[in-house]
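Below: coords.txt (compact mmCIF, C-alpha atoms and all ligand atoms)
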# COMPACT_ATOMS: atom_id res chain seq x y z
CA MET A 1 -1.94 5.98 -130.18
CA SER A 2 -1.16 7.75 -133.46
CA ARG A 3 -0.14 11.40 -133.38
CA THR A 4 1.37 13.60 -136.03
CA LEU A 5 5.04 14.05 -135.32
CA PRO A 6 5.70 17.72 -134.50
CA SER A 7 8.18 19.51 -136.77
CA TYR A 8 10.78 19.69 -133.99
CA PHE A 9 11.36 15.99 -134.66
CA ASP A 10 12.12 16.61 -138.37
CA GLY A 11 15.21 14.66 -139.43
CA ILE A 12 15.48 12.87 -136.07
CA THR A 13 16.87 9.33 -136.26
CA GLY A 14 16.43 8.28 -132.61
CA LYS A 15 13.30 6.74 -131.10
CA VAL A 16 10.25 8.94 -130.56
CA SER A 17 7.31 7.52 -128.58
CA PRO A 18 4.01 9.40 -128.22
CA ASP A 19 1.91 9.34 -125.05
CA ALA A 20 4.62 7.42 -123.23
CA ALA A 21 3.96 5.82 -119.84
CA LEU A 22 6.72 6.87 -117.44
CA SER A 23 5.77 4.86 -114.37
CA GLY A 24 7.80 1.88 -115.59
CA LEU A 25 10.84 4.12 -116.03
CA THR A 26 11.01 5.31 -112.44
CA TRP A 27 11.86 3.47 -109.25
CA LEU A 28 8.74 4.72 -107.47
CA GLY A 29 6.66 3.25 -110.29
CA VAL A 30 3.94 5.92 -110.33
CA GLY A 31 2.82 8.83 -112.45
CA GLY A 32 1.20 9.76 -115.72
CA ARG A 33 2.34 9.84 -119.32
CA ALA A 34 4.60 12.14 -121.30
CA ASP A 35 3.39 13.74 -124.52
CA TRP A 36 6.61 12.52 -126.15
CA LEU A 37 9.52 10.36 -125.03
CA PHE A 38 12.64 10.93 -127.12
CA GLU A 39 15.67 8.62 -127.08
CA PRO A 40 18.26 10.28 -129.34
CA GLU A 41 20.54 8.10 -131.43
CA ASP A 42 23.71 10.10 -130.80
CA ASP A 43 25.05 13.58 -130.01
CA ALA A 44 24.19 14.95 -133.45
CA ASP A 45 20.61 13.71 -133.17
CA LEU A 46 20.18 15.27 -129.72
CA GLN A 47 21.75 18.52 -130.89
CA ARG A 48 19.44 18.70 -133.92
CA PHE A 49 16.37 18.16 -131.75
CA LEU A 50 17.40 20.83 -129.22
CA ALA A 51 18.09 23.35 -131.98
CA GLN A 52 14.58 22.72 -133.37
CA TYR A 53 12.66 22.62 -130.07
CA ASN A 54 11.31 25.89 -128.72
CA THR A 55 13.32 26.86 -125.66
CA ASN A 56 10.10 27.91 -123.87
CA SER A 57 8.47 24.50 -124.34
CA PRO A 58 8.66 22.04 -121.45
CA LEU A 59 11.60 19.64 -121.52
CA HIS A 60 12.60 17.03 -118.97
CA ILE A 61 15.42 14.51 -118.83
CA ILE A 62 15.02 11.18 -117.15
CA GLY A 63 17.90 8.93 -116.17
CA ALA A 64 17.23 5.74 -114.21
CA GLY A 65 14.33 7.51 -112.49
CA SER A 66 15.79 6.63 -109.08
CA ASN A 67 15.39 10.12 -107.69
CA MET A 68 12.20 11.13 -109.42
CA LEU A 69 8.48 11.35 -108.72
CA VAL A 70 6.35 11.76 -111.84
CA ARG A 71 2.98 13.24 -110.92
CA ASP A 72 -0.27 11.52 -111.88
CA GLY A 73 -1.37 14.21 -114.36
CA GLY A 74 1.57 13.43 -116.63
CA ILE A 75 4.08 15.62 -118.40
CA ASP A 76 3.58 18.17 -121.14
CA GLY A 77 6.13 18.32 -123.92
CA VAL A 78 9.17 16.13 -124.37
CA VAL A 79 11.03 13.84 -122.01
CA ILE A 80 14.54 12.83 -123.09
CA ARG A 81 16.11 9.52 -122.09
CA LEU A 82 19.71 8.69 -122.98
CA THR A 83 20.26 5.08 -124.00
CA GLY A 84 22.41 3.12 -126.51
CA GLN A 85 25.63 4.99 -127.37
CA PHE A 86 25.08 7.29 -124.41
CA ALA A 87 25.72 4.39 -122.03
CA GLU A 88 29.29 3.67 -123.22
CA ILE A 89 32.24 3.71 -120.79
CA GLN A 90 35.93 3.97 -121.72
CA HIS A 91 39.30 4.15 -120.00
CA GLN A 92 41.91 6.52 -121.41
CA ALA A 93 45.20 7.26 -119.68
CA GLY A 94 43.81 7.01 -116.15
CA PHE A 95 40.58 8.86 -116.88
CA ILE A 96 37.21 7.11 -117.08
CA HIS A 97 34.91 8.59 -119.72
CA ALA A 98 31.28 7.63 -119.22
CA GLY A 99 28.17 8.45 -121.20
CA ALA A 100 25.41 10.14 -119.21
CA GLY A 101 23.17 7.11 -119.80
CA ALA A 102 25.65 4.70 -118.20
CA SER A 103 24.61 3.32 -114.84
CA ASP A 104 26.72 4.39 -111.88
CA GLY A 105 27.13 0.74 -110.86
CA GLU A 106 28.55 -0.14 -114.29
CA VAL A 107 31.00 2.76 -114.07
CA ALA A 108 32.20 1.53 -110.65
CA ARG A 109 32.59 -2.05 -111.90
CA PHE A 110 34.30 -0.97 -115.12
CA ALA A 111 36.84 1.18 -113.24
CA ALA A 112 37.60 -1.69 -110.85
CA LYS A 113 38.16 -4.10 -113.76
CA GLN A 114 40.63 -1.62 -115.21
CA GLY A 115 42.43 -1.44 -111.84
CA ARG A 116 41.43 2.21 -111.38
CA ALA A 117 40.45 3.38 -107.89
CA GLY A 118 38.27 6.27 -106.73
CA LEU A 119 34.88 5.43 -108.24
CA SER A 120 33.85 2.47 -106.03
CA PHE A 121 31.31 4.61 -104.14
CA MET A 122 29.20 4.76 -107.32
CA ILE A 123 28.26 1.11 -106.77
CA GLY A 124 25.86 2.37 -104.09
CA ILE A 125 23.96 4.80 -106.32
CA PRO A 126 21.27 3.16 -108.46
CA GLY A 127 21.15 5.98 -111.02
CA THR A 128 22.85 7.03 -114.22
CA VAL A 129 25.85 9.31 -114.68
CA GLY A 130 23.53 12.08 -115.95
CA GLY A 131 21.38 11.96 -112.81
CA GLY A 132 24.51 11.87 -110.65
CA LEU A 133 25.87 15.00 -112.33
CA ARG A 134 22.60 16.84 -111.82
CA MET A 135 22.24 15.74 -108.19
CA ASN A 136 25.93 15.64 -107.24
CA ALA A 137 25.10 12.16 -106.01
CA GLY A 138 27.30 10.57 -103.40
CA CYS A 139 27.71 8.04 -100.63
CA TYR A 140 30.37 6.55 -98.37
CA GLY A 141 32.02 9.94 -97.93
CA SER A 142 32.51 10.63 -101.67
CA GLU A 143 30.39 12.48 -104.18
CA PHE A 144 30.51 13.13 -107.92
CA LYS A 145 32.23 16.48 -107.59
CA ASP A 146 35.23 14.85 -105.86
CA VAL A 147 36.09 12.67 -108.85
CA LEU A 148 34.63 14.64 -111.74
CA VAL A 149 37.08 16.40 -114.06
CA SER A 150 34.40 17.80 -116.36
CA ALA A 151 30.90 17.15 -117.66
CA SER A 152 29.80 17.76 -121.24
CA GLY A 153 26.48 18.12 -122.98
CA PHE A 154 24.18 20.52 -124.79
CA ASP A 155 22.17 23.53 -123.68
CA ARG A 156 18.57 24.26 -124.69
CA GLN A 157 19.70 25.79 -127.99
CA GLY A 158 21.79 22.70 -128.82
CA LYS A 159 25.07 24.45 -128.11
CA ALA A 160 27.80 22.17 -126.72
CA PHE A 161 29.25 22.88 -123.27
CA THR A 162 31.95 21.41 -121.05
CA ALA A 163 32.06 22.45 -117.39
CA THR A 164 34.09 21.61 -114.29
CA PRO A 165 32.53 20.93 -110.87
CA ASP A 166 33.65 24.39 -109.70
CA GLU A 167 32.09 26.09 -112.71
CA MET A 168 28.80 24.34 -111.91
CA ASN A 169 29.19 25.10 -108.18
CA MET A 170 28.48 21.46 -107.37
CA ARG A 171 27.71 21.02 -103.68
CA TYR A 172 25.74 18.73 -101.39
CA ARG A 173 23.02 17.23 -103.66
CA ALA A 174 22.82 20.38 -105.75
CA SER A 175 24.57 22.49 -108.36
CA ASP A 176 24.03 25.69 -110.32
CA ALA A 177 24.15 23.90 -113.68
CA PRO A 178 21.34 25.50 -115.71
CA GLN A 179 18.09 23.50 -115.60
CA GLY A 180 17.98 23.18 -119.38
CA TRP A 181 21.38 21.51 -119.70
CA VAL A 182 21.38 17.96 -121.01
CA PHE A 183 24.49 16.15 -119.81
CA THR A 184 25.78 13.61 -122.31
CA SER A 185 29.10 12.52 -120.80
CA ALA A 186 31.51 12.85 -117.90
CA LYS A 187 35.25 12.52 -117.42
CA PHE A 188 36.33 11.09 -114.06
CA ALA A 189 39.80 11.13 -112.50
CA THR A 190 41.05 7.89 -110.95
CA VAL A 191 44.23 6.57 -109.36
CA GLU A 192 45.86 3.17 -109.74
CA GLY A 193 44.29 0.48 -107.56
CA ASP A 194 44.34 -3.25 -106.92
CA LYS A 195 41.49 -5.03 -108.72
CA ASP A 196 40.80 -7.52 -105.89
CA THR A 197 40.82 -4.79 -103.24
CA LEU A 198 38.40 -2.70 -105.30
CA ARG A 199 36.08 -5.68 -105.82
CA ALA A 200 36.09 -6.41 -102.07
CA GLU A 201 35.42 -2.74 -101.30
CA MET A 202 32.36 -2.70 -103.57
CA LYS A 203 31.09 -5.98 -102.14
CA SER A 204 31.19 -4.60 -98.62
CA MET A 205 29.45 -1.38 -99.72
CA ILE A 206 26.63 -3.41 -101.30
CA ALA A 207 26.26 -5.53 -98.16
CA SER A 208 26.09 -2.54 -95.81
CA ARG A 209 23.42 -0.92 -98.03
CA ALA A 210 21.25 -3.99 -97.89
CA ASP A 211 21.41 -3.82 -94.08
CA ALA A 212 20.51 -0.14 -93.83
CA GLN A 213 18.10 0.57 -96.70
CA PRO A 214 14.96 -0.96 -98.19
CA ILE A 215 16.77 -1.45 -101.51
CA GLY A 216 14.35 -4.06 -102.85
CA ALA A 217 11.39 -1.69 -102.49
CA ARG A 218 9.85 0.80 -104.90
CA THR A 219 11.47 3.89 -103.50
CA GLY A 220 13.18 7.10 -104.60
CA GLY A 221 16.06 6.84 -102.15
CA SER A 222 16.46 9.69 -99.68
CA THR A 223 13.31 11.78 -99.91
CA PHE A 224 14.75 14.87 -98.24
CA ALA A 225 18.27 16.30 -98.23
CA ASN A 226 20.02 16.46 -94.86
CA PRO A 227 19.36 19.91 -93.36
CA ASP A 228 22.45 21.84 -92.19
CA GLY A 229 23.86 20.23 -89.06
CA HIS A 230 21.28 17.42 -88.96
CA LYS A 231 20.47 14.06 -90.50
CA ALA A 232 17.09 14.14 -92.24
CA TRP A 233 16.14 10.69 -90.89
CA GLN A 234 16.82 11.79 -87.31
CA VAL A 235 14.55 14.85 -87.41
CA ILE A 236 11.88 12.78 -89.20
CA ASP A 237 12.13 10.05 -86.57
CA ALA A 238 12.02 12.60 -83.74
CA ALA A 239 8.81 14.03 -85.22
CA GLY A 240 7.23 10.57 -85.00
CA CYS A 241 6.93 9.99 -88.74
CA ARG A 242 8.56 6.54 -89.07
CA GLY A 243 6.04 4.12 -90.57
CA LEU A 244 3.54 6.89 -91.47
CA ARG A 245 1.14 5.94 -94.29
CA LYS A 246 -1.10 7.61 -96.86
CA GLY A 247 -3.04 5.43 -99.32
CA GLY A 248 -0.47 3.03 -100.75
CA ALA A 249 2.47 5.18 -99.65
CA LEU A 250 4.61 4.35 -96.62
CA LEU A 251 7.52 6.04 -94.89
CA SER A 252 9.92 3.14 -94.47
CA GLU A 253 10.32 1.55 -91.03
CA LYS A 254 13.85 0.50 -91.97
CA HIS A 255 15.08 3.92 -93.14
CA CYS A 256 12.60 6.67 -92.33
CA ASN A 257 13.86 9.08 -95.01
CA PHE A 258 12.75 6.62 -97.71
CA LEU A 259 9.24 6.89 -99.18
CA ILE A 260 7.92 3.57 -100.43
CA ASN A 261 5.22 2.63 -102.91
CA GLU A 262 3.70 -0.49 -101.41
CA GLY A 263 2.22 -1.39 -104.77
CA GLN A 264 -0.95 0.67 -105.13
CA ALA A 265 0.33 4.16 -104.31
CA THR A 266 -0.39 7.09 -106.57
CA ALA A 267 2.08 9.90 -107.03
CA GLU A 268 -0.40 12.05 -105.09
CA ASP A 269 -0.26 9.63 -102.10
CA LEU A 270 3.53 9.78 -102.09
CA GLU A 271 3.78 13.54 -102.47
CA GLN A 272 1.10 14.23 -99.84
CA LEU A 273 2.82 11.88 -97.40
CA GLY A 274 6.09 13.71 -98.05
CA GLU A 275 4.39 17.07 -97.42
CA GLU A 276 2.85 15.75 -94.21
CA VAL A 277 6.32 14.71 -93.03
CA ARG A 278 7.65 18.20 -93.85
CA ASP A 279 4.78 19.79 -91.85
CA ARG A 280 5.31 17.53 -88.84
CA VAL A 281 9.06 18.10 -88.81
CA LYS A 282 8.56 21.86 -89.11
CA GLN A 283 6.14 21.81 -86.17
CA HIS A 284 8.35 19.57 -84.07
CA SER A 285 11.79 21.10 -84.63
CA GLY A 286 11.27 24.20 -86.76
CA ILE A 287 13.41 22.62 -89.50
CA GLU A 288 12.26 22.97 -93.11
CA LEU A 289 13.12 19.85 -95.05
CA ARG A 290 14.09 20.27 -98.71
CA TRP A 291 12.84 17.65 -101.18
CA GLU A 292 15.80 15.74 -102.63
CA ILE A 293 13.50 13.71 -104.89
CA ARG A 294 12.72 15.65 -108.07
CA ARG A 295 8.98 16.00 -108.59
CA ILE A 296 7.91 16.66 -112.15
CA GLY A 297 4.68 16.95 -114.11
CA LYS A 298 1.14 17.95 -113.31
CA HIS A 299 -1.17 17.17 -110.43
CA PRO A 300 -4.33 15.43 -111.74
CA SER A 301 -6.31 18.58 -110.90
CA ASP A 302 -4.00 20.64 -113.13
CA ALA A 303 -4.27 18.27 -116.08
CA ASP A 304 -7.36 19.91 -117.62
CA GLU A 305 -5.89 23.38 -117.48
CA GLY A 306 -2.61 22.15 -118.93
CA GLU A 307 -0.72 23.71 -116.05
CA HIS A 308 2.96 22.82 -115.89
CA HIS A 309 5.13 22.42 -112.80
CA VAL A 310 8.84 21.94 -112.45
CA LEU A 311 10.13 21.77 -108.90
C1 LIG B 1 17.47 2.63 -103.21
C2 LIG B 1 18.08 3.98 -103.55
C3 LIG B 1 19.26 4.38 -102.96
C4 LIG B 1 19.82 5.62 -103.25
N1 LIG B 1 20.98 5.98 -102.65
C5 LIG B 1 21.56 7.16 -102.96
C6 LIG B 1 22.80 7.55 -102.36
O1 LIG B 1 23.39 6.86 -101.57
N2 LIG B 1 23.33 8.76 -102.71
C7 LIG B 1 22.73 9.58 -103.61
O2 LIG B 1 23.26 10.65 -103.90
N3 LIG B 1 21.55 9.24 -104.18
C8 LIG B 1 20.96 8.05 -103.89
N4 LIG B 1 19.77 7.70 -104.46
C9 LIG B 1 19.10 8.67 -105.36
C10 LIG B 1 19.48 8.54 -106.83
O3 LIG B 1 19.93 7.22 -107.14
C11 LIG B 1 20.55 9.54 -107.26
O4 LIG B 1 20.13 10.88 -107.05
C12 LIG B 1 20.90 9.39 -108.73
O5 LIG B 1 22.02 10.18 -109.03
C13 LIG B 1 19.77 9.76 -109.68
O6 LIG B 1 20.14 9.35 -110.97
P1 LIG B 1 19.04 8.97 -112.05
O7 LIG B 1 19.74 8.62 -113.31
O8 LIG B 1 18.14 7.90 -111.51
O9 LIG B 1 18.29 10.34 -112.18
P2 LIG B 1 16.71 10.59 -112.28
O10 LIG B 1 16.07 10.19 -111.00
O11 LIG B 1 16.19 9.98 -113.52
O12 LIG B 1 16.73 12.18 -112.38
C14 LIG B 1 17.18 12.96 -111.30
C15 LIG B 1 17.46 14.38 -111.81
O13 LIG B 1 18.56 14.33 -112.72
C16 LIG B 1 18.19 14.91 -113.96
N5 LIG B 1 18.90 14.20 -115.02
C17 LIG B 1 18.97 12.87 -115.25
N6 LIG B 1 19.76 12.62 -116.31
C18 LIG B 1 20.17 13.82 -116.78
C19 LIG B 1 21.00 14.23 -117.88
N7 LIG B 1 21.55 13.36 -118.72
N8 LIG B 1 21.22 15.57 -118.07
C20 LIG B 1 20.65 16.50 -117.22
N9 LIG B 1 19.86 16.16 -116.17
C21 LIG B 1 19.62 14.83 -115.96
C22 LIG B 1 16.69 14.71 -114.04
O14 LIG B 1 16.11 15.64 -114.95
C23 LIG B 1 16.30 14.97 -112.60
O15 LIG B 1 16.25 16.36 -112.33
C24 LIG B 1 19.18 6.47 -104.18
C25 LIG B 1 18.00 6.05 -104.81
C26 LIG B 1 17.44 4.82 -104.50
C27 LIG B 1 16.18 4.40 -105.20

Before anything else, please render the file you have as structure tokens.
Ligand SMILES: Cc1cc2nc3c(=O)[nH]c(=O)nc-3n(C[C@H](O)[C@H](O)[C@H](O)COP(=O)(O)OP(=O)(O)OC[C@H]3O[C@@H](n4cnc5c(N)ncnc54)[C@H](O)[C@@H]3O)c2cc1C
Amino acid sequence: MSRTLPSYFDGITGKVSPDAALSGLTWLGVGGRADWLFEPEDDADLQRFLAQYNTNSPLHIIGAGSNMLVRDGGIDGVVIRLTGQFAEIQHQAGFIHAGAGASDGEVARFAAKQGRAGLSFMIGIPGTVGGGLRMNAGCYGSEFKDVLVSASGFDRQGKAFTATPDEMNMRYRASDAPQGWVFTSAKFATVEGDKDTLRAEMKSMIASRADAQPIGARTGGSTFANPDGHKAWQVIDAAGCRGLRKGGALLSEKHCNFLINEGQATAEDLEQLGEEVRDRVKQHSGIELRWEIRRIGKHPSDADEGEHHVL
């Protein structure tokens, strides 16, 4: 599809794709297209774009898409994806510096190869560093905020920032980092460790995941955050939702907080099934589940009116 490049891409050297299909970029494998997908070449390129792009226009950032549901009506405006230089990882004086586009698994493996301990838990998170910063991702008793020294990036005006976990008020699967921030890198603290022990630790984490989660499936990981004092999967199970279906969407039998696209699901199927689970849990226990999966874009019914949702 040919489209005139808007002026906010003037002077941009990265890759700009019009009418970009996003379903292949997310784990759930559903959803519509983005007006523009932008993969900046480097910091300067990203900064130039942000300075030129109207701060009121819709902007989304996509990492590995492992915690994201793109709605069927697609996405207005620009979606940014950090690749290439943004995926680099370095070790300097005990600190691991990782680009926001680096995969969490690569960061864990890189740290272990350098004999640096503390980041093994990242082997269990199938996202990027950028997504982990936004979500304060974690597993096996550790989360990003425990090992993060600072995160850097650019705000909607293209102004550089560096912030500590405390400054962003990072907490269980959430933070107060402004929605418009684009993270470009992170600095992680580590301690000295034995390479073989770290490798064995990661191997056992991978094995225990395979036992507990449907990791080979098209899923978005935990659909809902654990409510205070409860495990989401337990209240979902108690409300009789395990194995519930809608169209091509299924609530996993193996781990009932995981939504699964069985192959033919639409984003609408998945979101409606999630809402049905929320309703049933509310009726059963009075608990209101909070979506952990980020849902972005328009419902098909909104598409004609050009309505825009960010949740
Ligand atoms: C099988 C499976 C298992 C999982 N297990 C876990 C687990 O154990 N623990 C856990 O915490 N999560 C888990 N997840 C969820 C997911 O992997 C994490 O939330 C991960 O951190 C998301 O990273 P991502 O790069 O895929 O982000 P995406 O899903 O692409 O995006 C998530 C959010 O981060 C934002 N974002 C992404 N990159 C940037 C950036 N550079 N700057 C600013 N914002 C950005 C997006 O805009 C969006 O709001 C699992 C998912 C799956 C599919």

- request: Identify the residues within 12 Å of coordinate (19.8, 8.9, -134.9) (same frame as the file), considering only C-alpha atoms, and give the answer as a ChimeraX atom specification.
  value: /A:9-16,38-49,82-86

statement: From atom CA of Arg109 of chain A to atom CA of Ile293 of chain A the spacing works out at 25.7 Å

query: atom CA of Cys256 of chain A to atom CA of Asp237 of chain A: how many Å, to one decimal?
result: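 These atoms are spaced 6.7 Å apart.
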
- request: Kindly indicate which residue among A:Pro58, A:Gly221, A:Pro18, A:Pro165 lies nearest to Arg294 of chain A, using only C-alpha atoms for the distances.
  value: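 Ranked by minimum distance to Arg294 of chain A, first place goes to A:Gly221.
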
Counting all atoms listed in the file, which residues in segment 5-119 of chain A sit no more than 12 Å from segment 257-264 of chain A? For each one, give the nearest pair of atoms and the distance in Å, sorted by chain then residue number, as a tab-separated table.
residue	atom	partner	partner_atom	distance
A:Ser23	CA	A:Asn261	CA	11.7
A:Thr26	CA	A:Asn261	CA	11.5
A:Trp27	CA	A:Asn261	CA	9.2
A:Leu28	CA	A:Asn261	CA	6.1
A:Gly29	CA	A:Asn261	CA	7.5
A:Val30	CA	A:Asn261	CA	8.2
A:Gly31	CA	A:Gln264	CA	11.6
A:Ser66	CA	A:Phe258	CA	11.8
A:Asn67	CA	A:Phe258	CA	10.9
A:Met68	CA	A:Leu259	CA	11.5
A:Leu69	CA	A:Leu259	CA	10.6

Could you write out that same residue set with C-alpha atoms as a compact mmCIF listing (two decimals), keeping the file's coordinate frame?
# COMPACT_ATOMS: atom_id res chain seq x y z
CA SER A 23 5.77 4.86 -114.37
CA THR A 26 11.01 5.31 -112.44
CA TRP A 27 11.86 3.47 -109.25
CA LEU A 28 8.74 4.72 -107.47
CA GLY A 29 6.66 3.25 -110.29
CA VAL A 30 3.94 5.92 -110.33
CA GLY A 31 2.82 8.83 -112.45
CA SER A 66 15.79 6.63 -109.08
CA ASN A 67 15.39 10.12 -107.69
CA MET A 68 12.20 11.13 -109.42
CA LEU A 69 8.48 11.35 -108.72

- prompt: Neighbours of Gly73 of chain A within 6 Å (only C-alpha atoms; same-chain residues fewer than 4 positions away dropped), as JSON, numbers by chain?
  reply: {"A": [32, 298, 299, 300, 303]}

- prompt: Hey, can you check how far atom CA of Ile296 of chain A sits from atom CA of His60 of chain A?
  reply: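 Calculated distance between atom CA of Ile296 of chain A and atom CA of His60 of chain A is 8.3 Å.
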